[in-house]
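Student: Next up is a structure, given as structure tokens.
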Amino acid sequence: MKLKINLMVGLVLSFCACKAQKVDVAKSFASAAKQTDVLVKNVDSARLVKPTLVSPRTVENGQFKMVNSRDWTSGFFPAELWYFYAYTKDKKWLDLAKKYTEDIKKEQFNKGTHDLGFMIYGPFGNGYKLTNDPDYMAVIIQAAKSLSTRFNTKAGVIKSWDHNGDKWKYPVIIDNMMNLELLFEATKFTGDSSFYKIAISHANTTMKNHFRPDFSSWHVVDYDTLSGNVRNKLTAQGYSNESAWARGQAWALYGYTLCYRYTHNAAYLAQANGIANFILSSKITPEDGIPYWDYNDPQIPNVSRDASAAAITASALYELATYSKESKRYKAAANKILSSLSTKYTSKPGANYGFILEHSTGHRPAKSEIDVPINYADYYYLEALLRSKGFKQ
Ligand code: GLY
């Protein structure tokens, strides 16, 4: 009987978690814009000292950290500026977005990373949608060609990293699902289906090998390119090989949602629904919807959260809600996350060098970027705010 009552209380609580939450998008955008004015000033000052460092990434130990265009996060700052332009239609943001987007352009030729979706598609994809500038389209197509060189036909996946050859041979990380958007768009622009086919192969192989029966995902799957078999399943940024690293789950959700957007393949929708259910039915995530950095860290609750995972999840859920029968549940969960982020996770005005959100975790095992502001949290937060208003990708 007691168990039954507890179960019922649990059910009511998780249902209450879905109760309507209001997000004041106009107010949230206005304060994010003020923060970003501060950020732009700090970026410009830092670039006077070191012009090769083009984008703001984080604040660590009180220090403002800028990165060069080769960093996987370099595109988020200009991509955020495009979102301010999308929301306000103010020429001020258009000019800023154009200016900082140029700094990332040369990465279209970078064949040493799988992160070209983040680096190139963020700024140039958003830029193209808002301006129809053919130069931006050309950059996207070239970046898709560069990314395609990392595809191996035997394994059927795109290689993520070239580093740490002692730990793995052909590592593929769940984050890599995010780069498929670039390939899908390149096929739309060119009519060349080879990009689309690579994206499909990568998504299908990842669906087969990267997920546990509960739809949580491993971070790294290492492949043997001679046989195409899986060599190992590991983590790099999570608590352990068998744990569920929070941002990895968010990348997976977002990745299969976008695959469904381009293909209408019901298998991708089912995968995204399964991942959403894993995230949303967690008994470990606190009531505000912002997950701990890893679902299986035994030190929970005395560990950092990851606001970036929450922002990515909220944005993905708004899109998934437009495809899924669980639309109400997803929208309510996304609203709850967004309401928490915008009221409890934002920087004080002018603080954190102008970053919008606090409390993300970058790479805890490396003791790096723990409980900090970080550019990709800000980017997906703005995207989620836009999507909550019906903005379509
Ligand atoms: N893609 C790297 C990360 O999520 O930290």
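In the structure tokens, chains take letters A, B, ... by order of appearance, with residues numbered from 1 within each chain and ligands from 1 in the order shown.
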List the spatial neighbours of Lys331 of chain A as a ChimeraX atom specification - criterion: any atom at most 7 Å away, only C-alpha atoms, same-chain residues fewer than 4 positions off excluded.

Tutor: /A:317-318,321,327,335

Student: Counting only C-alpha atoms and all ligand atoms, which protein, DNA or RNA residues come within 9 Å of ligand 1, given as a PDB file with N, CA and C atoms, in the first residue's frame?

Tutor:
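Result file part_31.pdb:
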ATOM      1  N   TRP A  72      36.309  23.965 -31.552  1.00  0.00           N
ATOM      2  CA  TRP A  72      34.991  23.452 -31.957  1.00  0.00           C
ATOM      3  C   TRP A  72      33.852  24.399 -31.601  1.00  0.00           C
ATOM      4  N   THR A  73      34.091  25.331 -30.677  1.00  0.00           N
ATOM      5  CA  THR A  73      33.018  26.235 -30.244  1.00  0.00           C
ATOM      6  C   THR A  73      33.074  27.610 -30.939  1.00  0.00           C
ATOM      7  N   ASP A 115      33.701  18.622 -36.260  1.00  0.00           N
ATOM      8  CA  ASP A 115      32.836  19.642 -35.651  1.00  0.00           C
ATOM      9  C   ASP A 115      32.400  20.746 -36.603  1.00  0.00           C
ATOM     10  N   PHE A 118      28.975  22.418 -36.082  1.00  0.00           N
ATOM     11  CA  PHE A 118      28.940  23.470 -35.060  1.00  0.00           C
ATOM     12  C   PHE A 118      29.637  24.737 -35.568  1.00  0.00           C
ATOM     13  N   ILE A 173      31.849   9.976 -31.613  1.00  0.00           N
ATOM     14  CA  ILE A 173      31.164  10.416 -30.389  1.00  0.00           C
ATOM     15  C   ILE A 173      29.728  10.802 -30.721  1.00  0.00           C
ATOM     16  N   ILE A 174      28.882  10.674 -29.716  1.00  0.00           N
ATOM     17  CA  ILE A 174      27.452  10.906 -29.960  1.00  0.00           C
ATOM     18  C   ILE A 174      27.212  12.341 -30.446  1.00  0.00           C
ATOM     19  N   ASP A 175      28.065  13.261 -30.009  1.00  0.00           N
ATOM     20  CA  ASP A 175      27.980  14.670 -30.412  1.00  0.00           C
ATOM     21  C   ASP A 175      27.960  14.830 -31.944  1.00  0.00           C
ATOM     22  N   ASN A 176      28.591  13.858 -32.616  1.00  0.00           N
ATOM     23  CA  ASN A 176      28.751  13.913 -34.064  1.00  0.00           C
ATOM     24  C   ASN A 176      27.409  13.943 -34.806  1.00  0.00           C
ATOM     25  N   MET A 178      25.203  15.955 -34.391  1.00  0.00           N
ATOM     26  CA  MET A 178      24.862  17.358 -34.626  1.00  0.00           C
ATOM     27  C   MET A 178      25.396  17.881 -35.960  1.00  0.00           C
ATOM     28  N   GLN A 237      34.183  12.353 -21.819  1.00  0.00           N
ATOM     29  CA  GLN A 237      33.759  13.485 -20.988  1.00  0.00           C
ATOM     30  C   GLN A 237      32.768  13.104 -19.889  1.00  0.00           C
ATOM     31  N   ARG A 247      25.311  15.931 -21.400  1.00  0.00           N
ATOM     32  CA  ARG A 247      25.254  16.640 -22.681  1.00  0.00           C
ATOM     33  C   ARG A 247      25.170  15.656 -23.849  1.00  0.00           C
ATOM     34  N   GLY A 248      25.775  14.486 -23.675  1.00  0.00           N
ATOM     35  CA  GLY A 248      25.683  13.474 -24.726  1.00  0.00           C
ATOM     36  C   GLY A 248      24.236  13.086 -24.997  1.00  0.00           C
ATOM     37  N   TRP A 251      22.725  15.907 -27.018  1.00  0.00           N
ATOM     38  CA  TRP A 251      23.137  15.884 -28.440  1.00  0.00           C
ATOM     39  C   TRP A 251      22.360  14.792 -29.180  1.00  0.00           C
ATOM     40  N   SER A 308      24.077  23.754 -20.174  1.00  0.00           N
ATOM     41  CA  SER A 308      24.139  23.607 -21.648  1.00  0.00           C
ATOM     42  C   SER A 308      23.302  22.405 -22.074  1.00  0.00           C
ATOM     43  N   ALA A 309      23.406  21.296 -21.341  1.00  0.00           N
ATOM     44  CA  ALA A 309      22.600  20.114 -21.686  1.00  0.00           C
ATOM     45  C   ALA A 309      21.117  20.465 -21.632  1.00  0.00           C
ATOM     46  N   THR A 361      28.773  22.619 -17.451  1.00  0.00           N
ATOM     47  CA  THR A 361      29.969  21.803 -17.198  1.00  0.00           C
ATOM     48  C   THR A 361      30.528  21.356 -18.542  1.00  0.00           C
ATOM     49  N   GLY A 362      31.781  21.756 -18.810  1.00  0.00           N
ATOM     50  CA  GLY A 362      32.403  21.431 -20.090  1.00  0.00           C
ATOM     51  C   GLY A 362      33.004  20.036 -20.081  1.00  0.00           C
ATOM     52  N   HIS A 363      34.060  19.852 -19.295  1.00  0.00           N
ATOM     53  CA  HIS A 363      34.794  18.579 -19.318  1.00  0.00           C
ATOM     54  C   HIS A 363      35.237  18.258 -17.888  1.00  0.00           C
ATOM     55  N   TYR A 376      28.104  27.634 -25.959  1.00  0.00           N
ATOM     56  CA  TYR A 376      27.055  26.816 -26.588  1.00  0.00           C
ATOM     57  C   TYR A 376      25.796  26.751 -25.726  1.00  0.00           C
TER      58      TYR A 376
END

Student: Could you list, as a list in words, every residue within 9 Å of Arg150 of chain A, counting only C-alpha atoms and ignoring same-chain residues fewer than 5 positions away?

Tutor: Lys111, Gly112, Thr113, His114, Val157, Ile158, Lys159 and Ser160 of chain A

Student: Using only C-alpha atoms, pick whichever of A:Pro213, A:Gly390, A:Gly354, A:Gly125 has the shortest atom-to-atom distance to Asp378 of chain A.

Tutor: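 Comparing A:Pro213, A:Gly390, A:Gly354, A:Gly125 against Asp378 of chain A, the winner is A:Gly354.
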
Student: Counting only C-alpha atoms, which residues of segment 299-332 of chain A fall within 12 Å of segment 263-268 of chain A, and what is the closest atom pair for each with its distance in Å at one decimal, ordered by chain and rising number, as CSV?

Tutor:
residue,atom,partner,partner_atom,distance
A:Leu320,CA,A:Tyr268,CA,10.8
A:Tyr323,CA,A:His264,CA,9.3
A:Ser324,CA,A:Ala266,CA,10.3

Student: Which residues are near Asp135 of chain A? Cut-off 12 Å, only C-alpha atoms, ignore same chain within fewer than 2 positions. Put them as a count of residues only.

Tutor: 18
